[in-house]
Amino acid sequence: MLGGTATIANPASASAPVASPDFGYWISEASKLLEAKAPNYDGALFCAGKAVEAAGSDVEWARARNADGIAQFHLGKLDVAIAAFTTIAERFSGSIDADRRYWHARALINKGIALGALGRSEEAIAVYEDLLARFGTATEPALREQVAGALRNKGIALGALGRSEEEVAVYDDLLAPLRHRHRACTARRGRRGAHQQGGRARRARP
């Protein structure tokens with residue numbers, strides 16, 4: 001080569017295939033676009049679709065389908081979003097695996113929200129009641145969070161229908177665990193106080 005040093009191309013490096021982005025990349029990008037200060041729902045929908053294609057397990061598939069449904073919801077395609085959440089719930093309806101149960105519950109929450117946004121409050125309430133029937137006694141923190149969300153959203157839906165007494169009853173159910181923890185903490189503090197007072201009295205004796 002004139003005016004420079006000749007180099008020999010490496011045939012192996014020239015023909016090496018470029019790896020395609022994997023599931024982790026696409027779901028991460030979808031999440032970033034959904035959660036950005038200025039969300040890009042079209043971009044999130046594209047990435048979620050790629051994540052669905054790259055999913056290597058049904059749990060990964062559920063994460064991607066959920067992201068797809070959220071993007072569709074914010075793009076105003078509520079029926080499409082509901083269909084996405086329904087497919088997740090149906091696939092995991094009989095599962096006892098913790099991860100699948102979590103995504104089942106989360107899909108039901110999101111389905112209920114989408115139904116509520118369409119003004120289909122009765123259907124939304126039925127979805128929340130389904131979630132509560134399935135997971136109401138669950139002890140896992142992740143599922144307890146979904147149960148609390150279902151109670152809160154059910155109360156909102158009842159309020160939208162003017163069913164105030166039922167709404168108040170649901171909020172009472174939501175607050176019941178907090179009241180129980182408050183009473184337990186108060187009782188523990190009371191016992192500690194009694195022990196401390198007893199200890200001081202004994203030390204005061206001759």
# chains A, B, ... in the order shown; residues from 1 in each chain; ligands from 1

call {"tool": "residues_around", "arguments": {"residues": "Ala55 in chain A", "least_positions_apart": "6", "cutoff": "8 Å", "atoms": "only C-alpha atoms", "output": "list in words"}}
result
Phe23, Trp61 and Ala64 of chain A

call {"tool": "residues_around", "arguments": {"residues": "range 39-42 of chain A", "least_positions_apart": "5", "cutoff": "6 Å", "atoms": "only C-alpha atoms", "output": "ChimeraX atom specification"}}
result
/A:33-34,71

call {"tool": "write_last_selection", "arguments": {"atoms": "all heavy atoms", "output": "compact mmCIF listing (two decimals), in the first residue's frame"}}
result
# COMPACT_ATOMS: atom_id res chain seq x y z
N LEU A 33 -37.43 2.95 29.48
CA LEU A 33 -38.29 3.82 28.68
C LEU A 33 -39.65 4.04 29.34
O LEU A 33 -40.24 5.12 29.23
CB LEU A 33 -38.47 3.24 27.28
CG LEU A 33 -37.20 3.21 26.41
CD1 LEU A 33 -37.42 2.37 25.17
CD2 LEU A 33 -36.79 4.63 26.03
N LEU A 34 -40.14 3.04 30.05
CA LEU A 34 -41.41 3.17 30.76
C LEU A 34 -41.29 4.07 31.98
O LEU A 34 -42.22 4.80 32.32
CB LEU A 34 -41.94 1.80 31.19
CG LEU A 34 -42.49 0.88 30.10
CD1 LEU A 34 -42.78 -0.50 30.67
CD2 LEU A 34 -43.76 1.48 29.49
N ALA A 71 -47.18 -0.54 28.22
CA ALA A 71 -46.96 0.40 27.11
C ALA A 71 -48.25 0.59 26.31
O ALA A 71 -48.61 1.72 25.96
CB ALA A 71 -45.83 -0.12 26.21

call {"tool": "atom_distance", "arguments": {"atom1": "CA of Asp58 in chain A", "atom2": "CA of Trp103 in chain A"}}
result
10.2 Å

call {"tool": "residues_around", "arguments": {"residues": "Ala83 in chain A", "least_positions_apart": "3", "cutoff": "12 Å", "atoms": "only C-alpha atoms", "output": "PyMOL selection string"}}
result
chain A and resi 65-66+68-70+72-73+77-80+86-90+107-108+110-112+114-115

call {"tool": "closest_residue", "arguments": {"among": "A:Ala67, A:Val59, A:Ala51, A:Ala36", "to": "Asp97 in chain A", "atoms": "only C-alpha atoms"}}
result
A:Val59

call {"tool": "select_by_dssp", "arguments": {"residues": "range 8-194 of chain A", "states": "alpha helix (DSSP H)", "output": "ChimeraX atom specification"}}
result
/A:11-15,23-35,41-54,58-74,78-91,98-117,121-135,141-160,164-194

call {"tool": "residues_around", "arguments": {"residues": "range 142-145 of chain A", "least_positions_apart": "6", "cutoff": "8 Å", "atoms": "only C-alpha atoms", "output": "ChimeraX atom specification"}}
result
/A:101-102,105,135-136

call {"tool": "closest_residue", "arguments": {"among": "A:Ala157, A:Leu118, A:Leu174, A:Val147", "to": "Asp130 in chain A", "atoms": "only C-alpha atoms"}}
result
A:Val147

call {"tool": "closest_residue", "arguments": {"among": "A:Arg134, A:Lys154, A:Arg106, A:His74", "to": "Gly94 in chain A", "atoms": "only C-alpha atoms"}}
result
A:Arg134
